[in-house]
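S.K.: Below is the file coords-v1.cif, with mmCIF, C-alpha atoms (C1' of nucleotides).
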```cif
data_work
loop_
_atom_site.group_PDB
_atom_site.id
_atom_site.type_symbol
_atom_site.label_atom_id
_atom_site.label_comp_id
_atom_site.auth_asym_id
_atom_site.auth_seq_id
_atom_site.Cartn_x
_atom_site.Cartn_y
_atom_site.Cartn_z
ATOM 1 C CA MET A 1 14.515 -8.148 -18.852
ATOM 2 C CA ILE A 2 12.386 -6.920 -15.984
ATOM 3 C CA LEU A 3 14.572 -8.850 -13.585
ATOM 4 C CA GLU A 4 17.670 -7.390 -15.216
ATOM 5 C CA GLU A 5 16.451 -3.859 -14.840
ATOM 6 C CA ILE A 6 15.572 -4.303 -11.201
ATOM 7 C CA GLY A 7 18.971 -5.846 -10.579
ATOM 8 C CA ARG A 8 20.714 -2.993 -12.316
ATOM 9 C CA THR A 9 19.102 -0.456 -10.003
ATOM 10 C CA ARG A 10 20.695 0.322 -6.731
ATOM 11 C CA GLY A 11 17.404 1.551 -5.381
ATOM 12 C CA HIS A 12 14.057 0.043 -4.688
ATOM 13 C CA PRO A 13 11.914 0.803 -7.698
ATOM 14 C CA SER A 14 8.141 0.845 -7.752
ATOM 15 C CA ALA A 15 6.222 -0.975 -10.441
ATOM 16 C CA SER A 16 5.995 2.119 -12.554
ATOM 17 C CA ASP A 17 9.688 2.841 -12.092
ATOM 18 C CA VAL A 18 10.345 -0.615 -13.468
ATOM 19 C CA TYR A 19 7.904 0.032 -16.272
ATOM 20 C CA GLU A 20 9.746 3.187 -17.279
ATOM 21 C CA LYS A 21 13.102 1.477 -17.197
ATOM 22 C CA VAL A 22 12.037 -1.559 -19.185
ATOM 23 C CA ARG A 23 10.176 0.576 -21.655
ATOM 24 C CA ARG A 24 13.415 2.084 -22.782
ATOM 25 C CA ARG A 25 14.352 -1.333 -24.120
ATOM 26 C CA LEU A 26 10.897 -2.672 -24.966
ATOM 27 C CA PRO A 27 8.916 0.410 -25.904
ATOM 28 C CA HIS A 28 5.735 -1.556 -26.430
ATOM 29 C CA ILE A 29 5.612 -3.352 -23.107
ATOM 30 C CA SER A 30 2.529 -2.707 -21.038
ATOM 31 C CA LEU A 31 2.208 -1.885 -17.383
ATOM 32 C CA GLY A 32 -0.019 -4.916 -16.888
ATOM 33 C CA THR A 33 2.767 -7.178 -18.083
ATOM 34 C CA VAL A 34 5.171 -5.538 -15.699
ATOM 35 C CA TYR A 35 2.826 -6.157 -12.799
ATOM 36 C CA ARG A 36 2.242 -9.743 -13.828
ATOM 37 C CA ASN A 37 5.939 -10.460 -14.058
ATOM 38 C CA LEU A 38 6.773 -8.724 -10.818
ATOM 39 C CA GLU A 39 4.233 -10.999 -9.224
ATOM 40 C CA VAL A 40 5.795 -14.097 -10.770
ATOM 41 C CA LEU A 41 9.317 -13.051 -9.898
ATOM 42 C CA SER A 42 8.456 -12.337 -6.313
ATOM 43 C CA SER A 43 6.497 -15.528 -5.867
ATOM 44 C CA GLN A 44 9.558 -17.373 -7.111
ATOM 45 C CA GLY A 45 11.729 -15.537 -4.669
ATOM 46 C CA LEU A 46 13.811 -13.870 -7.346
ATOM 47 C CA ILE A 47 12.877 -10.442 -6.118
ATOM 48 C CA SER A 48 11.257 -9.274 -2.942
ATOM 49 C CA ARG A 49 8.414 -6.919 -2.307
ATOM 50 C CA LEU A 50 8.638 -4.041 0.099
ATOM 51 C CA ASP A 51 5.584 -2.466 1.617
ATOM 52 C CA MET A 52 6.753 0.452 3.605
ATOM 53 C CA GLY A 53 3.806 2.692 3.209
ATOM 54 C CA SER A 54 5.088 5.245 0.758
ATOM 55 C CA GLY A 55 1.962 4.676 -1.239
ATOM 56 C CA GLN A 56 3.356 2.152 -3.639
ATOM 57 C CA ARG A 57 4.870 -1.221 -3.369
ATOM 58 C CA ARG A 58 8.597 -1.324 -4.021
ATOM 59 C CA PHE A 59 10.700 -4.147 -5.374
ATOM 60 C CA ASP A 60 14.163 -5.249 -4.479
ATOM 61 C CA ALA A 61 16.491 -7.501 -6.424
ATOM 62 C CA VAL A 62 18.547 -8.262 -3.355
ATOM 63 C CA THR A 63 16.739 -11.040 -1.587
ATOM 64 C CA ASP A 64 19.140 -11.993 1.131
ATOM 65 C CA ASP A 65 18.374 -10.934 4.657
ATOM 66 C CA HIS A 66 18.768 -7.261 5.154
ATOM 67 C CA HIS A 67 16.660 -4.429 6.447
ATOM 68 C CA HIS A 68 15.327 -1.229 4.994
ATOM 69 C CA ILE A 69 15.006 2.348 6.017
ATOM 70 C CA ARG A 70 12.762 4.874 4.353
ATOM 71 C CA CYS A 71 13.199 8.605 4.526
ATOM 72 C CA LEU A 72 10.043 10.195 5.827
ATOM 73 C CA VAL A 73 10.753 13.319 3.819
ATOM 74 C CA CYS A 74 11.851 12.173 0.392
ATOM 75 C CA ASN A 75 10.697 8.549 0.523
ATOM 76 C CA ARG A 76 13.981 7.095 -0.651
ATOM 77 C CA VAL A 77 14.643 3.611 0.643
ATOM 78 C CA ASP A 78 18.097 2.442 1.665
ATOM 79 C CA ASP A 79 19.421 -0.898 2.728
ATOM 80 C CA ILE A 80 20.734 -1.716 6.131
ATOM 81 C CA ARG A 81 23.043 -4.627 6.463
ATOM 82 C CA PRO A 82 23.044 -5.303 10.140
ATOM 83 C CA SER A 83 26.247 -6.331 11.774
ATOM 84 C CA ALA A 84 24.329 -8.908 13.762
ATOM 85 C CA ASN A 85 20.928 -10.397 13.120
ATOM 86 C CA ALA A 86 20.350 -10.982 16.778
ATOM 87 C CA GLY A 87 16.908 -10.641 18.157
ATOM 88 C CA ILE A 88 14.952 -11.630 15.097
ATOM 89 C CA ASP A 89 15.201 -15.284 15.882
ATOM 90 C CA SER A 90 13.770 -14.743 19.296
ATOM 91 C CA ILE A 91 10.905 -12.732 17.814
ATOM 92 C CA LYS A 92 10.230 -15.573 15.404
ATOM 93 C CA ARG A 93 10.086 -18.007 18.248
ATOM 94 C CA ASP A 94 7.677 -15.737 20.067
ATOM 95 C CA ALA A 95 5.410 -15.641 17.028
ATOM 96 C CA GLU A 96 5.415 -19.382 16.823
ATOM 97 C CA LYS A 97 4.938 -20.082 20.473
ATOM 98 C CA ILE A 98 2.584 -17.321 21.462
ATOM 99 C CA ALA A 99 0.518 -16.750 18.355
ATOM 100 C CA GLY A 100 0.828 -20.217 16.869
ATOM 101 C CA TYR A 101 1.960 -18.982 13.490
ATOM 102 C CA GLU A 102 4.189 -20.836 11.116
ATOM 103 C CA VAL A 103 6.625 -18.070 10.295
ATOM 104 C CA LYS A 104 7.557 -17.774 6.640
ATOM 105 C CA GLY A 105 9.439 -14.528 6.570
ATOM 106 C CA PHE A 106 9.977 -11.217 8.190
ATOM 107 C CA SER A 107 11.039 -7.709 7.495
ATOM 108 C CA VAL A 108 12.545 -5.029 9.622
ATOM 109 C CA ASP A 109 11.759 -1.537 8.431
ATOM 110 C CA LEU A 110 12.988 1.695 9.871
ATOM 111 C CA TYR A 111 11.840 5.237 9.269
ATOM 112 C CA GLY A 112 13.799 8.386 9.599
ATOM 113 C CA ILE A 113 15.385 11.351 7.908
ATOM 114 C CA CYS A 114 18.056 10.665 5.360
ATOM 115 C CA PRO A 115 21.341 12.601 5.380
ATOM 116 C CA ARG A 116 20.383 14.507 2.256
ATOM 117 C CA CYS A 117 17.156 15.763 3.786
ATOM 118 C CA ARG A 118 18.775 16.592 7.077
ATOM 119 C CA SER A 119 21.133 18.994 5.387
ATOM 120 C CA GLY A 120 18.889 21.615 3.981
ATOM 121 C CA ASN A 121 17.273 19.811 1.079
ATOM 122 C CA THR A 122 13.924 20.371 2.654
ATOM 123 C CA GLU A 123 11.728 19.870 -0.369
ATOM 124 C CA LYS A 124 9.061 17.402 0.459
ATOM 125 C CA VAL A 125 8.925 14.749 -2.182
ATOM 126 C CA ILE A 126 5.755 12.890 -1.520
ATOM 127 C CA ARG A 127 5.776 10.344 -4.245
ATOM 128 C CA ASP A 128 8.385 8.757 -6.430
ATOM 129 C CA ASP A 129 9.575 9.977 -9.796
ATOM 130 C CA SER A 130 6.924 8.203 -11.734
ATOM 131 C CA ARG A 131 4.109 10.236 -10.332
ATOM 132 C CA LYS A 132 2.767 13.307 -11.958
ATOM 133 C CA ASN A 133 2.781 15.675 -9.055
ATOM 134 C CA ASN A 134 6.012 14.974 -7.417
ATOM 135 C CA ILE A 135 7.234 17.824 -5.335
ATOM 136 C CA LEU A 136 4.411 19.260 -3.354
ATOM 137 C CA ARG A 137 2.896 19.510 0.084
ATOM 138 C CA LYS A 138 3.620 23.072 1.135
ATOM 139 C CA MET B 1 -15.154 8.502 18.207
ATOM 140 C CA ILE B 2 -12.853 7.161 15.510
ATOM 141 C CA LEU B 3 -10.142 6.753 18.085
ATOM 142 C CA GLU B 4 -12.564 4.999 20.389
ATOM 143 C CA GLU B 5 -13.602 2.527 17.766
ATOM 144 C CA ILE B 6 -10.044 1.665 16.856
ATOM 145 C CA GLY B 7 -9.234 1.230 20.515
ATOM 146 C CA ARG B 8 -12.183 -1.047 21.026
ATOM 147 C CA THR B 9 -11.007 -3.404 18.300
ATOM 148 C CA ARG B 10 -8.565 -6.089 19.123
ATOM 149 C CA GLY B 11 -7.497 -6.285 15.530
ATOM 150 C CA HIS B 12 -5.881 -3.967 13.067
ATOM 151 C CA PRO B 13 -8.652 -2.387 11.066
ATOM 152 C CA SER B 14 -8.286 -0.819 7.680
ATOM 153 C CA ALA B 15 -9.699 2.609 6.922
ATOM 154 C CA SER B 16 -12.883 1.135 5.605
ATOM 155 C CA ASP B 17 -13.208 -1.200 8.576
ATOM 156 C CA VAL B 18 -13.055 1.887 10.754
ATOM 157 C CA TYR B 19 -15.565 3.593 8.533
ATOM 158 C CA GLU B 20 -18.004 0.723 8.931
ATOM 159 C CA LYS B 21 -17.594 0.663 12.678
ATOM 160 C CA VAL B 22 -17.964 4.383 13.189
ATOM 161 C CA ARG B 23 -20.870 4.529 10.802
ATOM 162 C CA ARG B 24 -22.891 2.451 13.186
ATOM 163 C CA ARG B 25 -22.758 5.359 15.591
ATOM 164 C CA LEU B 26 -22.562 8.227 13.141
ATOM 165 C CA PRO B 27 -24.495 7.011 10.142
ATOM 166 C CA HIS B 28 -23.770 10.144 8.138
ATOM 167 C CA ILE B 29 -20.002 10.175 8.498
ATOM 168 C CA SER B 30 -18.071 10.066 5.267
ATOM 169 C CA LEU B 31 -15.101 7.974 4.305
ATOM 170 C CA GLY B 32 -13.127 11.114 3.560
ATOM 171 C CA THR B 33 -13.552 12.283 7.123
ATOM 172 C CA VAL B 34 -12.365 8.940 8.378
ATOM 173 C CA TYR B 35 -9.231 9.177 6.278
ATOM 174 C CA ARG B 36 -8.587 12.731 7.359
ATOM 175 C CA ASN B 37 -8.908 11.847 11.016
ATOM 176 C CA LEU B 38 -6.837 8.719 10.765
ATOM 177 C CA GLU B 39 -4.143 10.917 9.316
ATOM 178 C CA VAL B 40 -4.409 13.413 12.150
ATOM 179 C CA LEU B 41 -4.459 10.728 14.811
ATOM 180 C CA SER B 42 -1.441 8.977 13.437
ATOM 181 C CA SER B 43 0.541 12.168 12.984
ATOM 182 C CA GLN B 44 -0.156 12.897 16.637
ATOM 183 C CA GLY B 45 1.023 9.462 17.613
ATOM 184 C CA LEU B 46 -2.329 8.407 19.016
ATOM 185 C CA ILE B 47 -2.574 5.520 16.598
ATOM 186 C CA SER B 48 -0.030 3.904 14.371
ATOM 187 C CA ARG B 49 -0.132 2.937 10.748
ATOM 188 C CA LEU B 50 0.778 -0.504 9.515
ATOM 189 C CA ASP B 51 1.825 -1.122 5.972
ATOM 190 C CA MET B 52 2.226 -4.807 5.606
ATOM 191 C CA GLY B 53 1.292 -5.199 2.012
ATOM 192 C CA SER B 54 -2.119 -6.728 2.275
ATOM 193 C CA GLY B 55 -3.361 -4.101 -0.100
ATOM 194 C CA GLN B 56 -4.560 -1.632 2.452
ATOM 195 C CA ARG B 57 -3.067 0.302 5.228
ATOM 196 C CA ARG B 58 -4.042 -0.885 8.690
ATOM 197 C CA PHE B 59 -4.328 1.078 11.894
ATOM 198 C CA ASP B 60 -3.463 0.122 15.412
ATOM 199 C CA ALA B 61 -4.529 1.782 18.622
ATOM 200 C CA VAL B 62 -1.710 0.206 20.532
ATOM 201 C CA THR B 63 1.276 2.406 19.950
ATOM 202 C CA ASP B 64 3.837 0.966 22.314
ATOM 203 C CA ASP B 65 6.631 -1.098 20.868
ATOM 204 C CA HIS B 66 5.455 -4.412 19.602
ATOM 205 C CA HIS B 67 5.651 -6.326 16.390
ATOM 206 C CA HIS B 68 3.160 -7.686 13.925
ATOM 207 C CA ILE B 69 2.591 -10.837 12.022
ATOM 208 C CA ARG B 70 0.287 -11.181 9.057
ATOM 209 C CA CYS B 71 -1.200 -14.419 7.843
ATOM 210 C CA LEU B 72 -0.329 -14.912 4.196
ATOM 211 C CA VAL B 73 -3.564 -16.810 3.670
ATOM 212 C CA CYS B 74 -6.283 -14.877 5.443
ATOM 213 C CA ASN B 75 -4.481 -11.565 5.958
ATOM 214 C CA ARG B 76 -5.297 -11.283 9.617
ATOM 215 C CA VAL B 77 -2.724 -9.362 11.609
ATOM 216 C CA ASP B 78 -1.731 -10.309 15.126
ATOM 217 C CA ASP B 79 0.496 -8.682 17.661
ATOM 218 C CA ILE B 80 3.736 -10.064 18.899
ATOM 219 C CA ARG B 81 4.967 -8.874 22.224
ATOM 220 C CA PRO B 82 8.550 -9.936 22.209
ATOM 221 C CA SER B 83 10.012 -11.205 25.407
ATOM 222 C CA ALA B 84 13.090 -9.153 24.661
ATOM 223 C CA ASN B 85 13.584 -6.295 22.284
ATOM 224 C CA ALA B 86 17.122 -7.323 21.621
ATOM 225 C CA GLY B 87 18.681 -6.589 18.316
ATOM 226 C CA ILE B 88 16.606 -3.628 17.258
ATOM 227 C CA ASP B 89 18.829 -1.164 18.987
ATOM 228 C CA SER B 90 21.835 -2.464 17.169
ATOM 229 C CA ILE B 91 19.990 -2.198 13.872
ATOM 230 C CA LYS B 92 19.103 1.390 14.689
ATOM 231 C CA ARG B 93 22.706 2.168 15.376
ATOM 232 C CA ASP B 94 23.673 0.609 12.083
ATOM 233 C CA ALA B 95 21.180 2.792 10.262
ATOM 234 C CA GLU B 96 22.564 5.867 11.884
ATOM 235 C CA LYS B 97 26.205 5.047 11.461
ATOM 236 C CA ILE B 98 26.195 3.445 8.061
ATOM 237 C CA ALA B 99 23.417 5.213 6.220
ATOM 238 C CA GLY B 100 23.526 8.476 8.124
ATOM 239 C CA TYR B 101 19.830 8.464 8.901
ATOM 240 C CA GLU B 102 18.207 10.005 11.889
ATOM 241 C CA VAL B 103 16.023 7.106 12.939
ATOM 242 C CA LYS B 104 12.498 8.051 13.955
ATOM 243 C CA GLY B 105 10.845 4.693 14.230
ATOM 244 C CA PHE B 106 10.865 1.131 13.135
ATOM 245 C CA SER B 107 8.637 -1.816 12.620
ATOM 246 C CA VAL B 108 9.239 -5.501 12.658
ATOM 247 C CA ASP B 109 6.797 -7.432 10.548
ATOM 248 C CA LEU B 110 6.559 -11.155 10.154
ATOM 249 C CA TYR B 111 4.647 -13.223 7.665
ATOM 250 C CA GLY B 112 3.373 -16.706 8.033
ATOM 251 C CA ILE B 113 0.400 -18.981 8.345
ATOM 252 C CA CYS B 114 -1.918 -18.463 11.257
ATOM 253 C CA PRO B 115 -3.120 -21.395 13.362
ATOM 254 C CA ARG B 116 -6.625 -21.160 11.971
ATOM 255 C CA CYS B 117 -5.413 -21.436 8.382
ATOM 256 C CA ARG B 118 -3.017 -24.225 9.213
ATOM 257 C CA SER B 119 -5.817 -26.377 10.440
ATOM 258 C CA GLY B 120 -7.973 -26.919 7.450
ATOM 259 C CA ASN B 121 -9.564 -23.519 7.029
ATOM 260 C CA THR B 122 -7.991 -23.240 3.635
ATOM 261 C CA GLU B 123 -10.200 -20.553 2.148
ATOM 262 C CA LYS B 124 -8.077 -17.864 0.678
ATOM 263 C CA VAL B 125 -9.287 -14.528 1.895
ATOM 264 C CA ILE B 126 -7.482 -12.025 -0.180
ATOM 265 C CA ARG B 127 -8.867 -8.801 1.111
ATOM 266 C CA ASP B 128 -10.564 -7.693 4.268
ATOM 267 C CA ASP B 129 -14.251 -7.712 4.982
ATOM 268 C CA SER B 130 -14.869 -4.341 3.506
ATOM 269 C CA ARG B 131 -14.032 -5.395 0.002
ATOM 270 C CA LYS B 132 -16.575 -6.583 -2.431
ATOM 271 C CA ASN B 133 -14.905 -9.717 -3.647
ATOM 272 C CA ASN B 134 -13.608 -11.211 -0.547
ATOM 273 C CA ILE B 135 -13.105 -14.905 -0.809
ATOM 274 C CA LEU B 136 -11.568 -15.694 -4.114
ATOM 275 C CA ARG B 137 -8.379 -16.733 -5.801
ATOM 276 C CA LYS B 138 -8.991 -20.303 -6.936
ATOM 277 C "C1'" DG C 1 -1.463 -27.039 -32.500
ATOM 278 C "C1'" DT C 2 -1.594 -26.179 -27.771
ATOM 279 C "C1'" DA C 3 -0.371 -23.561 -24.066
ATOM 280 C "C1'" DA C 4 1.480 -19.613 -22.219
ATOM 281 C "C1'" DT C 5 2.261 -14.641 -22.467
ATOM 282 C "C1'" DT C 6 1.245 -10.095 -24.032
ATOM 283 C "C1'" DG C 7 -0.969 -5.461 -25.073
ATOM 284 C "C1'" DC C 8 -4.670 -2.921 -24.415
ATOM 285 C "C1'" DA C 9 -8.283 -1.131 -22.080
ATOM 286 C "C1'" DA C 10 -11.354 -1.232 -18.544
ATOM 287 C "C1'" DA C 11 -12.339 -2.170 -13.948
ATOM 288 C "C1'" DA C 12 -11.363 -2.401 -9.142
ATOM 289 C "C1'" DA C 13 -9.551 -0.773 -4.993
ATOM 290 C "C1'" DT C 14 -7.489 2.580 -2.090
ATOM 291 C "C1'" DT C 15 -6.526 7.181 -0.865
ATOM 292 C "C1'" DT C 16 -6.693 12.162 -1.523
ATOM 293 C "C1'" DT C 17 -8.836 16.497 -2.388
ATOM 294 C "C1'" DG C 18 -11.941 20.695 -3.917
ATOM 295 C "C1'" DC C 19 -15.618 22.978 -2.332
ATOM 296 C "C1'" DA C 20 -19.744 24.540 -0.376
ATOM 297 C "C1'" DG C 21 -22.077 24.274 3.864
ATOM 298 C "C1'" DC C 22 -22.241 23.432 8.892
ATOM 299 C "C1'" DA C 23 -20.246 23.884 13.313
ATOM 300 C "C1'" DT C 24 -17.425 26.108 16.910
ATOM 301 C "C1'" DT C 25 -15.537 29.695 19.203
ATOM 302 C "C1'" DA D 1 -17.251 36.937 11.665
ATOM 303 C "C1'" DA D 2 -13.394 33.849 11.307
ATOM 304 C "C1'" DT D 3 -11.815 29.436 11.460
ATOM 305 C "C1'" DG D 4 -11.991 24.782 11.151
ATOM 306 C "C1'" DC D 5 -14.409 20.281 9.983
ATOM 307 C "C1'" DT D 6 -17.557 17.751 7.479
ATOM 308 C "C1'" DG D 7 -20.188 15.448 3.651
ATOM 309 C "C1'" DC D 8 -20.234 14.658 -0.873
ATOM 310 C "C1'" DA D 9 -18.438 13.761 -5.076
ATOM 311 C "C1'" DA D 10 -14.839 13.614 -8.121
ATOM 312 C "C1'" DA D 11 -10.163 12.872 -8.987
ATOM 313 C "C1'" DA D 12 -5.744 10.661 -8.441
ATOM 314 C "C1'" DT D 13 -3.166 6.687 -7.854
ATOM 315 C "C1'" DT D 14 -2.016 1.950 -7.706
ATOM 316 C "C1'" DT D 15 -3.079 -2.675 -8.887
ATOM 317 C "C1'" DT D 16 -5.750 -6.308 -11.131
ATOM 318 C "C1'" DT D 17 -8.119 -8.523 -14.851
ATOM 319 C "C1'" DG D 18 -10.863 -9.934 -19.316
ATOM 320 C "C1'" DC D 19 -9.981 -10.873 -23.785
ATOM 321 C "C1'" DA D 20 -8.330 -11.115 -28.342
ATOM 322 C "C1'" DA D 21 -4.023 -11.478 -30.524
ATOM 323 C "C1'" DT D 22 0.699 -12.905 -30.521
ATOM 324 C "C1'" DT D 23 4.374 -15.779 -29.280
ATOM 325 C "C1'" DA D 24 6.668 -19.997 -27.689
ATOM 326 C "C1'" DC D 25 7.375 -24.732 -27.628
#
```
Just dump the structure as structure tokens.
M.R.:
Amino acid sequence: MILEEIGRTRGHPSASDVYEKVRRRLPHISLGTVYRNLEVLSSQGLISRLDMGSGQRRFDAVTDDHHHIRCLVCNRVDDIRPSANAGIDSIKRDAEKIAGYEVKGFSVDLYGICPRCRSGNTEKVIRDDSRKNNILRK
Amino acid sequence: MILEEIGRTRGHPSASDVYEKVRRRLPHISLGTVYRNLEVLSSQGLISRLDMGSGQRRFDAVTDDHHHIRCLVCNRVDDIRPSANAGIDSIKRDAEKIAGYEVKGFSVDLYGICPRCRSGNTEKVIRDDSRKNNILRK
DNA sequence: GTAATTGCAAAAATTTTGCAGCATT
DNA sequence: AATGCTGCAAAATTTTTGCAATTAC
């Protein structure tokens, strides 16, 4: 059910976003269980974890190769499906040759200002919807 | 002095790593001050923040374009200086055209197993040195 | 009946912040 | 004197975990 709810979301929910969503169907579920299952799902590759520095980890049901961009103002995260994946392979090779790593995965994250925030919506949303103090910072 | 200490480190210290380092020279400095200054420094572009999901944010004194790779076992973070930066520009363009973002920055992060951990050193270091329980997880 | 999973609560870990005092100009 | 920074401590936030109870097989 956790997997279902993540899949149903277009966005990139945090653990507590997932908790809120699932709780509508399983009112007695606990946050600990959500965390434990997110861990299992991501270690099985059924979801992926995003760490883009908005304060919380995000989760993504779409696990095929694509990139992410986070709005520096409102913290929303969107997908980028690149027309060509060029370049990454050469970076991987560099990591293997130069640093001696066995590369297991990668992520390409961009930061910027989303269209919504560029056009006047200048409220600074620091955290996601699950936080208590949401719209703040001047 | 915080900036100096980050610059002196080859690695990618966390806030509390920085705190420990600076404390050797300013024994009375507080962790809050370290956080506040890391924030200032990074907002001025003098250092950069890394969010690679090892549990803590890392900081990097080297702010020119390069990529990072984190060892999934020991959590060390190394630099990758790609021979060519190919591909990123096209991803940026995609973000701007498709998602309508104004792109401010990007990061390319890889994950894998570092040489040290590949060759026998199989201790699982979950957190960095500043944590209390460092070597754990089975 | 055994093993796995859960809820609950507490702990742990990281980051932020209020405030009084110290420093700087 | 006014402003800004700091130390300290507490709070806020996110994530993990111990354990008894429940559920699944």
S.K.: Just the residues within 8 Å of region 52-64 of chain B, please, counting only C-alpha atoms (C1' of nucleotides), with nothing from its chain fewer than 5 positions along; format it as number ranges by chain.
M.R.: A: 50-53, 57; B: 3, 6-7, 11-15, 45-47, 70, 75, 109, 126-127; C: 14
S.K.: Residues of chain D no more than 9 Å from chain A, counting all atoms listed in the file: send them over as a compact mmCIF listing (two decimals) with C-alpha atoms (C1' of nucleotides), in the coordinates of the input.
M.R.:
```
# COMPACT_ATOMS: atom_id res chain seq x y z
C1' DT D 13 -3.17 6.69 -7.85
C1' DT D 14 -2.02 1.95 -7.71
C1' DT D 15 -3.08 -2.68 -8.89
C1' DT D 16 -5.75 -6.31 -11.13
```
S.K.: Could you give me, as a PyMOL selection string, the residues within 10 Å of DC25 (chain D), counting all atoms listed in the file and dropping anything in the same chain fewer than 5 positions from it?
M.R.: chain C and resi 2-4
S.K.: Would you mind exporting C-alpha atoms (C1' of nucleotides) of the selected residues as a CSV table (one decimal), in the coordinates of the input?
M.R.:
```
chain,number,residue,atom,x,y,z
C,2,DT,C1',-1.6,-26.2,-27.8
C,3,DA,C1',-0.4,-23.6,-24.1
C,4,DA,C1',1.5,-19.6,-22.2
```
S.K.: Pick out the residues sitting within 12 Å of Gly100 (chain A), and hand them over as a tab-separated table (two decimals) with C-alpha atoms, in the coordinates of the input; count only C-alpha atoms (C1' of nucleotides), and ignore anything fewer than 4 positions along from it in its own chain.
M.R.:
```
chain	number	residue	atom	x	y	z
A	92	LYS	CA	10.23	-15.57	15.40
A	93	ARG	CA	10.09	-18.01	18.25
A	94	ASP	CA	7.68	-15.74	20.07
A	95	ALA	CA	5.41	-15.64	17.03
A	96	GLU	CA	5.42	-19.38	16.82
B	69	ILE	CA	2.59	-10.84	12.02
B	70	ARG	CA	0.29	-11.18	9.06
B	71	CYS	CA	-1.20	-14.42	7.84
B	78	ASP	CA	-1.73	-10.31	15.13
B	79	ASP	CA	0.50	-8.68	17.66
B	80	ILE	CA	3.74	-10.06	18.90
B	112	GLY	CA	3.37	-16.71	8.03
B	113	ILE	CA	0.40	-18.98	8.35
B	114	CYS	CA	-1.92	-18.46	11.26
B	115	PRO	CA	-3.12	-21.40	13.36
B	116	ARG	CA	-6.62	-21.16	11.97
B	117	CYS	CA	-5.41	-21.44	8.38
B	118	ARG	CA	-3.02	-24.22	9.21
B	119	SER	CA	-5.82	-26.38	10.44
```
S.K.: Please report the interatomic distance between CA of Ile2 (chain A) and CA of Gln44 (chain A) in Å with one decimal.
M.R.: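 Pair CA of Ile2 (chain A) / CA of Gln44 (chain A) returns 14.0 Å.
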S.K.: Evaluating the PyMOL selection byres ((chain A) within 8 of (chain C)) on the displayed file yields which residues, as a list of chain:residue names?
M.R.: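 On the file shown, the PyMOL selection byres ((chain A) within 8 of (chain C)) covers A:His28, A:Ile29, A:Ser30, A:Thr33.
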